[in-house]
file final.csv (CSV, C-alpha atoms)
chain,number,residue,atom,x,y,z
A,1,MET,CA,26.4,-47.5,14.6
A,2,ALA,CA,25.5,-44.2,16.4
A,3,SER,CA,24.4,-44.4,20.0
A,4,ARG,CA,20.8,-43.8,20.9
A,5,PRO,CA,21.5,-40.5,22.6
A,6,CYS,CA,23.4,-39.2,19.6
A,7,LEU,CA,20.7,-40.3,17.3
A,8,TYR,CA,18.1,-38.4,19.4
A,9,ALA,CA,20.2,-35.3,19.5
A,10,PHE,CA,20.6,-35.4,15.7
A,11,LEU,CA,16.9,-35.8,15.1
A,12,LEU,CA,16.1,-33.0,17.6
A,13,LEU,CA,18.6,-30.7,15.7
A,14,LEU,CA,17.1,-31.6,12.4
A,15,ALA,CA,13.6,-30.9,13.6
A,16,PHE,CA,14.7,-27.5,15.1
A,17,GLN,CA,16.3,-26.5,11.8
A,18,SER,CA,13.2,-27.5,9.8
A,19,THR,CA,11.0,-25.6,12.1
A,20,MET,CA,13.1,-22.4,11.9
A,21,ILE,CA,13.2,-22.6,8.1
A,22,LYS,CA,9.4,-23.0,8.1
A,23,VAL,CA,8.9,-20.1,10.5
A,24,ASN,CA,11.2,-17.8,8.6
A,25,THR,CA,9.5,-18.7,5.3
A,26,VAL,CA,6.0,-18.2,6.5
A,27,SER,CA,6.4,-15.1,8.6
A,28,LEU,CA,8.5,-13.0,6.2
A,29,PRO,CA,6.1,-10.8,4.1
A,30,PRO,CA,6.8,-10.1,0.4
A,31,PRO,CA,9.3,-7.3,-0.3
A,32,GLU,CA,6.6,-4.8,-1.3
A,33,CYS,CA,4.9,-5.3,2.1
A,34,ARG,CA,8.0,-5.1,4.4
A,35,PRO,CA,8.6,-2.0,6.5
A,36,GLU,CA,11.0,0.5,5.0
A,37,VAL,CA,14.4,1.0,6.5
A,38,ALA,CA,14.3,4.4,8.0
A,39,SER,CA,15.6,6.4,11.0
A,40,THR,CA,13.4,7.5,13.8
A,41,LYS,CA,13.6,11.1,12.5
A,42,GLU,CA,12.6,10.0,9.0
A,43,LYS,CA,9.6,8.1,10.4
A,44,PHE,CA,8.4,11.2,12.3
A,45,GLU,CA,8.9,13.3,9.2
A,46,PHE,CA,6.6,10.9,7.2
A,47,LEU,CA,3.9,10.8,9.8
A,48,LEU,CA,3.8,14.6,10.0
A,49,ASN,CA,2.4,14.6,6.4
A,50,LEU,CA,-0.5,12.4,7.5
A,51,LEU,CA,-1.1,14.4,10.7
A,52,ILE,CA,-1.2,17.7,8.8
A,53,PHE,CA,-3.7,16.2,6.4
A,54,LYS,CA,-6.0,15.1,9.2
A,55,ILE,CA,-5.8,18.5,11.0
A,56,GLU,CA,-6.4,20.6,8.0
A,57,LEU,CA,-9.4,18.4,7.0
A,58,PHE,CA,-10.9,18.5,10.4
A,59,LEU,CA,-10.4,22.2,11.2
A,60,ARG,CA,-11.3,23.6,7.8
A,61,SER,CA,-14.5,21.4,7.6
A,62,SER,CA,-15.6,22.3,11.2
A,63,ILE,CA,-14.6,25.9,11.7
A,64,GLY,CA,-13.2,27.1,8.3
A,65,ARG,CA,-9.7,27.6,9.7
A,66,GLY,CA,-6.3,25.9,9.2
A,67,ILE,CA,-3.3,25.1,11.4
A,68,ASN,CA,-1.6,28.5,11.1
A,69,ASP,CA,-4.9,30.3,11.9
A,70,ILE,CA,-4.8,28.5,15.3
A,71,SER,CA,-1.1,28.4,15.8
A,72,PRO,CA,0.7,30.9,13.6
A,73,GLY,CA,4.0,29.8,12.1
A,74,LEU,CA,3.6,26.2,13.2
A,75,VAL,CA,3.7,24.9,9.6
A,76,GLN,CA,4.9,26.4,6.3
A,77,GLY,CA,3.4,25.6,3.0
A,78,PRO,CA,0.5,25.9,0.5
A,79,ILE,CA,-3.1,26.2,1.5
A,80,PRO,CA,-5.1,23.0,0.8
A,81,ILE,CA,-7.0,22.8,-2.4
A,82,GLY,CA,-10.8,22.5,-2.2
A,83,ALA,CA,-11.4,22.7,1.5
A,84,ALA,CA,-14.8,23.8,2.7
A,85,VAL,CA,-16.9,24.1,5.8
A,86,ALA,CA,-19.0,20.9,6.0
A,87,ASN,CA,-22.7,20.7,6.5
A,88,LEU,CA,-22.4,18.9,9.9
A,89,ASP,CA,-24.9,18.6,12.8
A,90,ASN,CA,-23.7,20.5,15.8
A,91,ALA,CA,-22.6,17.5,17.9
A,92,THR,CA,-20.4,16.2,15.1
A,93,ARG,CA,-19.0,19.6,14.4
A,94,MET,CA,-17.9,19.9,18.0
A,95,ILE,CA,-16.2,16.5,17.9
A,96,ILE,CA,-14.4,17.2,14.7
A,97,GLU,CA,-13.2,20.6,15.9
A,98,GLU,CA,-12.0,19.1,19.2
A,99,PHE,CA,-10.0,16.3,17.4
A,100,GLY,CA,-8.5,18.8,15.0
A,101,LEU,CA,-7.4,21.2,17.7
A,102,ALA,CA,-5.9,18.4,19.8
A,103,SER,CA,-3.7,17.3,17.0
A,104,ILE,CA,-2.2,20.7,16.7
A,105,GLY,CA,-0.8,20.0,20.2
A,106,HIS,CA,0.8,16.8,18.7
A,107,LEU,CA,2.4,18.8,15.9
A,108,ARG,CA,3.8,21.3,18.4
A,109,VAL,CA,5.3,18.8,20.7
A,110,ILE,CA,7.0,17.0,17.7
A,111,LYS,CA,8.3,20.3,16.5
A,112,ASN,CA,9.8,21.1,19.9
A,113,THR,CA,11.9,17.9,19.9
A,114,SER,CA,15.4,17.7,18.6
A,115,LEU,CA,14.2,15.6,15.7
A,116,LEU,CA,12.8,18.3,13.4
A,117,ASN,CA,13.6,21.8,12.3
A,118,ALA,CA,10.9,24.5,12.5
A,119,PRO,CA,8.6,25.5,10.9
A,120,ILE,CA,7.2,22.1,9.8
A,121,PRO,CA,7.0,21.8,6.0
A,122,MET,CA,3.4,21.3,4.8
A,123,PRO,CA,2.7,19.3,1.7
A,124,LEU,CA,0.2,20.4,-0.9
A,125,LEU,CA,-3.2,18.8,-0.1
A,126,ASP,CA,-6.1,18.3,-2.4
A,127,ILE,CA,-9.1,17.7,-0.1
A,128,SER,CA,-11.6,18.9,-2.7
A,129,PRO,CA,-14.9,17.0,-3.4
A,130,GLN,CA,-13.4,16.0,-6.8
A,131,THR,CA,-10.6,14.1,-5.1
A,132,TYR,CA,-12.9,12.2,-2.8
A,133,ASN,CA,-15.3,11.6,-5.7
A,134,THR,CA,-12.5,9.9,-7.6
A,135,PHE,CA,-12.0,7.5,-4.7
A,136,VAL,CA,-15.8,6.7,-4.5
A,137,THR,CA,-15.8,6.2,-8.3
A,138,MET,CA,-13.1,3.6,-7.8
A,139,ILE,CA,-15.1,2.0,-5.0
A,140,LEU,CA,-18.1,1.7,-7.3
A,141,ASN,CA,-15.8,0.2,-10.1
A,142,GLY,CA,-16.8,3.1,-12.4
A,143,THR,CA,-14.9,4.2,-15.4
A,144,LYS,CA,-16.4,7.7,-15.2
A,145,LYS,CA,-17.0,10.1,-12.3
A,146,SER,CA,-19.8,8.8,-10.1
A,147,ASN,CA,-23.2,10.3,-10.9
A,148,PRO,CA,-24.4,11.9,-8.7
A,149,SER,CA,-21.0,13.1,-7.3
A,150,TYR,CA,-19.8,12.3,-3.8
A,151,ASN,CA,-19.2,15.4,-1.7
A,152,PRO,CA,-17.7,14.8,1.8
A,153,TYR,CA,-18.8,18.3,2.9
A,154,ALA,CA,-22.4,17.9,1.9
A,155,ASN,CA,-23.7,16.1,5.1
A,156,THR,CA,-22.7,14.5,8.3
A,157,ASN,CA,-22.8,10.9,7.0
A,158,SER,CA,-20.6,11.7,4.0
A,159,PHE,CA,-18.1,13.6,6.1
A,160,LEU,CA,-17.7,11.0,8.8
A,161,PHE,CA,-16.6,8.6,6.1
A,162,ALA,CA,-13.8,11.0,5.0
A,163,ALA,CA,-12.8,11.7,8.7
A,164,VAL,CA,-12.4,8.0,9.4
A,165,PHE,CA,-10.4,7.7,6.2
A,166,ALA,CA,-7.9,10.3,7.5
A,167,SER,CA,-7.6,8.9,11.1
A,168,SER,CA,-7.2,5.3,9.9
A,169,PHE,CA,-3.9,6.0,8.1
A,170,LEU,CA,-2.4,7.7,11.2
A,171,LYS,CA,-3.4,4.8,13.5
A,172,GLN,CA,-2.0,2.2,11.1
A,173,TYR,CA,1.3,4.0,10.6
A,174,TYR,CA,1.7,4.5,14.3
A,175,ALA,CA,1.2,0.8,14.8
A,176,GLY,CA,3.7,0.0,12.1
A,177,ILE,CA,6.6,2.1,13.3
A,178,MET,CA,6.2,2.0,17.1
A,179,PRO,CA,8.3,-1.1,17.7
A,180,SER,CA,11.2,0.3,15.8
A,181,ILE,CA,11.4,3.8,17.3
A,182,ILE,CA,14.8,4.5,19.0
A,183,GLY,CA,15.1,6.6,22.1
A,184,LYS,CA,13.1,6.6,25.3
A,185,ASP,CA,11.7,10.1,24.9
A,186,GLU,CA,10.8,9.4,21.2
A,187,ARG,CA,9.0,6.2,22.1
A,188,GLU,CA,7.0,7.9,24.9
A,189,LEU,CA,6.1,10.8,22.6
A,190,LEU,CA,4.9,8.5,19.8
A,191,SER,CA,3.0,6.3,22.3
A,192,GLY,CA,1.1,9.2,23.7
A,193,ILE,CA,0.1,10.5,20.3
A,194,ALA,CA,-0.8,7.0,19.0
A,195,LEU,CA,-3.0,6.2,22.0
A,196,TYR,CA,-4.9,9.5,21.5
A,197,GLU,CA,-5.3,8.8,17.8
A,198,ALA,CA,-6.6,5.3,18.5
A,199,GLY,CA,-9.3,6.9,20.6
A,200,VAL,CA,-10.2,9.3,17.9
A,201,PHE,CA,-10.5,6.5,15.4
A,202,GLY,CA,-12.7,4.4,17.7
A,203,ALA,CA,-14.9,7.4,18.4
A,204,LEU,CA,-15.4,8.2,14.8
A,205,ARG,CA,-16.1,4.6,13.8
A,206,ALA,CA,-18.6,4.5,16.6
A,207,GLU,CA,-20.3,7.6,15.1
A,208,LEU,CA,-20.4,5.8,11.8
A,209,ASN,CA,-21.7,2.6,13.3
A,210,ALA,CA,-24.6,4.5,14.8
A,211,ARG,CA,-25.6,5.4,11.3
A,212,VAL,CA,-24.7,2.0,9.7
A,213,ASN,CA,-28.1,1.5,8.1
A,214,LEU,CA,-28.6,5.1,7.0
A,215,THR,CA,-28.0,6.1,3.4
A,216,VAL,CA,-25.2,8.4,2.3
A,217,PRO,CA,-27.0,11.1,0.3
A,218,PRO,CA,-27.3,11.5,-2.7
A,219,PHE,CA,-26.6,7.8,-3.1
A,220,ASN,CA,-28.9,4.9,-2.2
A,221,PHE,CA,-26.2,2.8,-0.5
A,222,THR,CA,-25.8,2.8,3.3
A,223,VAL,CA,-23.0,3.9,5.6
A,224,GLY,CA,-22.3,0.2,6.2
A,225,ASN,CA,-22.1,-0.5,2.4
A,226,LEU,CA,-19.7,2.4,1.9
A,227,THR,CA,-17.3,1.3,4.7
A,228,ASN,CA,-17.2,-2.3,3.4
A,229,LEU,CA,-16.5,-1.2,-0.2
A,230,SER,CA,-13.9,1.4,0.8
A,231,ALA,CA,-12.1,-1.2,2.9
A,232,GLN,CA,-12.0,-3.6,0.0
A,233,LEU,CA,-10.5,-0.8,-2.3
A,234,ALA,CA,-7.9,0.2,0.3
A,235,ASN,CA,-6.8,-3.4,0.6
A,236,ARG,CA,-6.6,-3.8,-3.1
A,237,LEU,CA,-4.6,-0.5,-3.6
A,238,ALA,CA,-2.2,-1.3,-0.8
A,239,GLY,CA,-1.6,-4.9,-2.0
A,240,CYS,CA,-0.7,-6.4,1.3
A,241,GLY,CA,-3.7,-8.4,2.4
A,242,VAL,CA,-6.7,-7.5,4.6
A,243,LYS,CA,-5.8,-4.6,6.9
A,244,ASP,CA,-8.9,-2.5,6.4
A,245,GLU,CA,-12.4,-3.7,7.3
A,246,GLY,CA,-15.9,-2.4,7.1
A,247,LEU,CA,-18.4,-2.0,9.9
A,248,ILE,CA,-20.1,-5.2,9.1
A,249,VAL,CA,-18.0,-8.4,8.5
A,250,PRO,CA,-18.6,-12.1,8.1
A,251,LEU,CA,-18.4,-14.0,11.4
A,252,GLN,CA,-14.9,-15.4,10.5
A,253,LEU,CA,-13.6,-11.8,10.6
A,254,GLY,CA,-15.4,-10.7,13.7
A,255,ALA,CA,-14.0,-10.8,17.2
A,256,GLU,CA,-13.4,-14.4,18.2
A,257,ASN,CA,-15.5,-15.4,15.2
A,258,ARG,CA,-18.6,-14.5,17.2
A,259,THR,CA,-19.8,-11.1,16.0
A,260,SER,CA,-20.4,-9.5,12.7
A,261,SER,CA,-20.2,-6.0,14.1
A,262,ASN,CA,-16.8,-4.4,13.6
A,263,ILE,CA,-16.5,-1.0,15.1
A,264,VAL,CA,-12.7,-1.3,15.8
A,265,PRO,CA,-11.2,-3.6,13.2
A,266,GLY,CA,-8.4,-6.0,14.2
A,267,ASN,CA,-6.6,-9.2,13.1
A,268,ALA,CA,-7.5,-12.7,14.3
A,269,ASN,CA,-6.4,-11.8,17.8
A,270,SER,CA,-8.0,-8.4,17.6
A,271,LEU,CA,-4.6,-6.7,17.4
A,272,ALA,CA,-4.4,-3.4,15.5
A,273,TYR,CA,-3.5,-3.6,11.8
A,274,ALA,CA,-0.2,-1.9,10.8
A,275,ARG,CA,0.7,-0.4,7.4
A,276,SER,CA,4.0,0.6,6.0
A,277,ALA,CA,4.7,4.0,4.5
A,278,ARG,CA,4.5,2.5,1.0
A,279,GLU,CA,1.1,0.8,1.6
A,280,ILE,CA,-0.3,4.1,2.8
A,281,LEU,CA,1.1,6.0,-0.2
A,282,ARG,CA,-0.5,3.5,-2.6
A,283,ILE,CA,-3.9,4.3,-1.0
A,284,VAL,CA,-3.8,8.0,-0.5
A,285,PHE,CA,-2.4,8.5,-4.1
A,286,THR,CA,-5.2,6.3,-5.4
A,287,THR,CA,-2.7,4.9,-7.9
A,288,GLY,CA,-1.7,1.7,-6.2
A,289,ASN,CA,1.9,2.9,-6.6
A,290,ALA,CA,4.0,4.6,-3.9
A,291,THR,CA,6.0,6.5,-6.5
A,292,ARG,CA,3.1,7.9,-8.5
A,293,PRO,CA,1.6,10.9,-6.6
A,294,GLY,CA,-2.0,11.8,-6.9
A,295,GLY,CA,-5.2,11.9,-4.9
A,296,ILE,CA,-4.9,13.8,-1.6
A,297,PHE,CA,-1.2,14.4,-2.1
A,298,PRO,CA,-0.9,15.5,-5.8
A,299,ARG,CA,2.8,16.6,-5.4
A,300,GLY,CA,3.8,13.8,-3.0
A,301,LEU,CA,4.9,14.1,0.6
A,302,ASN,CA,7.8,15.8,2.5
A,303,GLY,CA,10.7,14.1,4.2
A,304,ALA,CA,13.7,11.9,3.5
A,305,LEU,CA,11.8,8.6,3.6
A,306,TYR,CA,9.5,9.6,0.8
A,307,ARG,CA,12.4,11.0,-1.3
A,308,ARG,CA,14.2,7.7,-0.9
A,309,ILE,CA,11.1,5.7,-1.9
A,310,LEU,CA,11.1,7.8,-5.1
A,311,THR,CA,14.8,7.6,-5.8
A,312,LEU,CA,14.9,3.8,-5.3
A,313,LYS,CA,11.6,3.4,-7.2
A,314,LEU,CA,10.0,1.4,-4.3
A,315,SER,CA,6.6,1.3,-5.7

call {"tool": "encode", "arguments": {"input": "final.csv", "output": "structure tokens"}}
result
Amino acid sequence: MASRPCLYAFLLLLAFQSTMIKVNTVSLPPPECRPEVASTKEKFEFLLNLLIFKIELFLRSSIGRGINDISPGLVQGPIPIGAAVANLDNATRMIIEEFGLASIGHLRVIKNTSLLNAPIPMPLLDISPQTYNTFVTMILNGTKKSNPSYNPYANTNSFLFAAVFASSFLKQYYAGIMPSIIGKDERELLSGIALYEAGVFGALRAELNARVNLTVPPFNFTVGNLTNLSAQLANRLAGCGVKDEGLIVPLQLGAENRTSSNIVPGNANSLAYARSAREILRIVFTTGNATRPGGIFPRGLNGALYRRILTLKLS
């Protein structure tokens, strides 16, 4: 018969193994939601696509100029489809211009590292009203184009929704890749850019929240309605649970389950949500499939990580 100390040791080992099996089983996300295996350079290449999208949208809508108009030769590629100067109030126009100009600095500092070759390749962007209207049609569960049509350039309320959309993906991708970035200089660079982008996202969400009960012309739904519905669609397209939230949430999703306001969304402990490259692709393509380009990036993205996603059919 085993001695009592040996028996205790055996039971302790059994409990430990059982706990480890349970932890590994619960914490491991499904394959389609796991971060992609990629080098630090490949991750920076991918985020440049999202950063260029944000800058081009912000600058062309606020001052009618693009990246190369401000910093000649910084990027190389086609002019975006459908860009227009938005009908913004003066205060919002100044904010959007500032955020767009600041992100040119982010592009430049990434370009000047040893990670990338210059000039930075620019993907084809479709930031036309028709592309955004497709997204809103999906939000409204329509089978045809929404009538009346959604135009992000028509007014401040409509544009702020599109601006938050652009900033959100950057913030979520930064959160997803930051723990795996290799190199002290590279981590410091990404941290500095990511902290700035988090501030941009918070400021834009606060602007939206100030208008939460106002309608989004020409529709009869409010800003709050639109943010809630768009978050639901983003989560459905990405297919990896709730990582986007509207401005108004049930108490169980609010901070410490005590508030329904939700200016800066976060998980149960109010930590920032992170998305993988494939999750973001499923949303910005509006196809729910990381290998089927469309939406804002009709020809896909630049960089080795995106090419590998296509080659391996990592939808």

call {"tool": "closest_residue", "arguments": {"input": "final.csv", "among": "A:Cys240, A:Ala203, A:Ile81, A:Ala304", "to": "Ser168 in chain A", "atoms": "only C-alpha atoms"}}
result
A:Ala203

call {"tool": "atom_distance", "arguments": {"input": "final.csv", "atom1": "CA of Pro121 in chain A", "atom2": "CA of Phe46 in chain A"}}
result
11.0 Å

call {"tool": "residues_around", "arguments": {"input": "final.csv", "residues": "range 206-215 of chain A", "least_positions_apart": "4", "cutoff": "7 Å", "atoms": "all atoms listed in the file", "output": "list in words"}}
result
Leu160, Gly202, Phe219, Asn220, Phe221, Thr222, Val223, Gly224, Leu247 and Ile263 of chain A

call {"tool": "residues_around", "arguments": {"input": "final.csv", "residues": "range 126-140 of chain A", "least_positions_apart": "3", "cutoff": "8 Å", "atoms": "all atoms listed in the file", "output": "list in words"}}
result
Leu57, Pro80, Ile81, Gly82, Ala83, Ala84, Thr143, Lys144, Lys145, Ser146, Ser149, Tyr150, Asn151, Pro152, Tyr153, Ala162, Leu229, Ser230, Leu233, Thr286, Gly295, Ile296, Phe297 and Pro298 of chain A

call {"tool": "residues_around", "arguments": {"input": "final.csv", "residues": "Tyr174 in chain A", "least_positions_apart": "3", "cutoff": "8 Å", "atoms": "all atoms listed in the file", "output": "list in words"}}
result
Leu170, Lys171, Ile177, Met178, Leu190, Ala194 and Ala274 of chain A

call {"tool": "residues_around", "arguments": {"input": "final.csv", "residues": "Glu245 in chain A", "least_positions_apart": "2", "cutoff": "12 Å", "atoms": "all atoms listed in the file", "output": "short mmCIF file (atom, residue, chain, number, x, y, z; two decimals) with C-alpha atoms, keeping the file's coordinate frame"}}
result
data_model
loop_
_atom_site.label_atom_id
_atom_site.label_comp_id
_atom_site.auth_asym_id
_atom_site.auth_seq_id
_atom_site.Cartn_x
_atom_site.Cartn_y
_atom_site.Cartn_z
CA VAL A 164 -12.40 8.00 9.40
CA PHE A 165 -10.40 7.70 6.20
CA SER A 168 -7.20 5.30 9.90
CA ARG A 205 -16.10 4.60 13.80
CA GLY A 224 -22.30 0.20 6.20
CA ASN A 225 -22.10 -0.50 2.40
CA LEU A 226 -19.70 2.40 1.90
CA THR A 227 -17.30 1.30 4.70
CA ASN A 228 -17.20 -2.30 3.40
CA LEU A 229 -16.50 -1.20 -0.20
CA SER A 230 -13.90 1.40 0.80
CA ALA A 231 -12.10 -1.20 2.90
CA GLN A 232 -12.00 -3.60 0.00
CA LEU A 233 -10.50 -0.80 -2.30
CA ALA A 234 -7.90 0.20 0.30
CA ASN A 235 -6.80 -3.40 0.60
CA ARG A 236 -6.60 -3.80 -3.10
CA GLY A 241 -3.70 -8.40 2.40
CA VAL A 242 -6.70 -7.50 4.60
CA LYS A 243 -5.80 -4.60 6.90
CA LEU A 247 -18.40 -2.00 9.90
CA ILE A 248 -20.10 -5.20 9.10
CA VAL A 249 -18.00 -8.40 8.50
CA PRO A 250 -18.60 -12.10 8.10
CA LEU A 253 -13.60 -11.80 10.60
CA GLY A 254 -15.40 -10.70 13.70
CA SER A 260 -20.40 -9.50 12.70
CA SER A 261 -20.20 -6.00 14.10
CA ASN A 262 -16.80 -4.40 13.60
CA ILE A 263 -16.50 -1.00 15.10
CA VAL A 264 -12.70 -1.30 15.80
CA PRO A 265 -11.20 -3.60 13.20
CA GLY A 266 -8.40 -6.00 14.20
CA ASN A 267 -6.60 -9.20 13.10
CA ALA A 272 -4.40 -3.40 15.50
CA TYR A 273 -3.50 -3.60 11.80
#

call {"tool": "atom_distance", "arguments": {"input": "final.csv", "atom1": "CA of Gly294 in chain A", "atom2": "CA of Ile309 in chain A"}}
result
15.3 Å

call {"tool": "closest_residue", "arguments": {"input": "final.csv", "among": "A:Val200, A:Ile63, A:Leu195, A:Leu47", "to": "Leu305 in chain A", "atoms": "only C-alpha atoms"}}
result
A:Leu47

call {"tool": "closest_residue", "arguments": {"input": "final.csv", "among": "A:Gly73, A:Pro119, A:Pro217, A:Gly239", "to": "Ala154 in chain A", "atoms": "all atoms listed in the file"}}
result
A:Pro217

call {"tool": "closest_residue", "arguments": {"input": "final.csv", "among": "A:Ser191, A:Thr92, A:Ala255, A:Cys33", "to": "Pro179 in chain A", "atoms": "all atoms listed in the file"}}
result
A:Ser191

call {"tool": "atom_distance", "arguments": {"input": "final.csv", "atom1": "CA of Val85 in chain A", "atom2": "CA of Phe99 in chain A"}}
result
15.6 Å

call {"tool": "closest_residue", "arguments": {"input": "final.csv", "among": "A:Ala163, A:Ile120, A:Val109, A:Ile182", "to": "Ile52 in chain A", "atoms": "all atoms listed in the file"}}
result
A:Ile120

call {"tool": "closest_residue", "arguments": {"input": "final.csv", "among": "A:Asn269, A:Asn49, A:Ser315, A:Thr259", "to": "Leu125 in chain A", "atoms": "all atoms listed in the file"}}
result
A:Asn49

call {"tool": "decode", "arguments": {"input": "final.csv", "residues": "range 248-263 of chain A", "atoms": "N, CA and C atoms", "output": "compact mmCIF listing (two decimals), in the first residue's frame"}}
result
# COMPACT_ATOMS: atom_id res chain seq x y z
N ILE A 248 -23.53 52.38 -26.95
CA ILE A 248 -24.47 52.05 -25.88
C ILE A 248 -24.55 50.53 -25.79
N VAL A 249 -24.27 49.98 -24.61
CA VAL A 249 -24.24 48.53 -24.44
C VAL A 249 -25.06 48.12 -23.23
N PRO A 250 -25.48 46.85 -23.16
CA PRO A 250 -26.11 46.35 -21.94
C PRO A 250 -25.14 46.45 -20.77
N LEU A 251 -25.65 46.54 -19.56
CA LEU A 251 -24.80 46.69 -18.39
C LEU A 251 -23.75 45.59 -18.28
N GLN A 252 -24.10 44.37 -18.70
CA GLN A 252 -23.14 43.28 -18.58
C GLN A 252 -21.93 43.44 -19.47
N LEU A 253 -22.00 44.36 -20.47
CA LEU A 253 -20.85 44.64 -21.32
C LEU A 253 -20.16 45.95 -20.95
N GLY A 254 -20.77 46.72 -20.03
CA GLY A 254 -20.19 47.99 -19.61
C GLY A 254 -19.06 47.79 -18.61
N ALA A 255 -18.31 48.87 -18.35
CA ALA A 255 -17.20 48.80 -17.41
C ALA A 255 -17.69 48.36 -16.03
N GLU A 256 -17.12 47.27 -15.54
CA GLU A 256 -17.48 46.69 -14.24
C GLU A 256 -18.98 46.42 -14.12
N ASN A 257 -19.63 46.20 -15.26
CA ASN A 257 -21.07 45.90 -15.30
C ASN A 257 -21.91 46.98 -14.63
N ARG A 258 -21.42 48.25 -14.71
CA ARG A 258 -22.09 49.34 -14.00
C ARG A 258 -22.49 50.50 -14.90
N THR A 259 -22.16 50.41 -16.19
CA THR A 259 -22.48 51.52 -17.07
C THR A 259 -22.88 51.01 -18.45
N SER A 260 -23.81 51.71 -19.05
CA SER A 260 -24.21 51.36 -20.41
C SER A 260 -23.50 52.24 -21.44
N SER A 261 -22.82 53.30 -20.99
CA SER A 261 -22.02 54.10 -21.91
C SER A 261 -20.74 53.34 -22.25
N ASN A 262 -20.24 53.54 -23.46
CA ASN A 262 -19.15 52.69 -23.93
C ASN A 262 -18.29 53.43 -24.94
N ILE A 263 -17.73 54.57 -24.50
CA ILE A 263 -16.93 55.39 -25.41
C ILE A 263 -15.70 54.64 -25.88
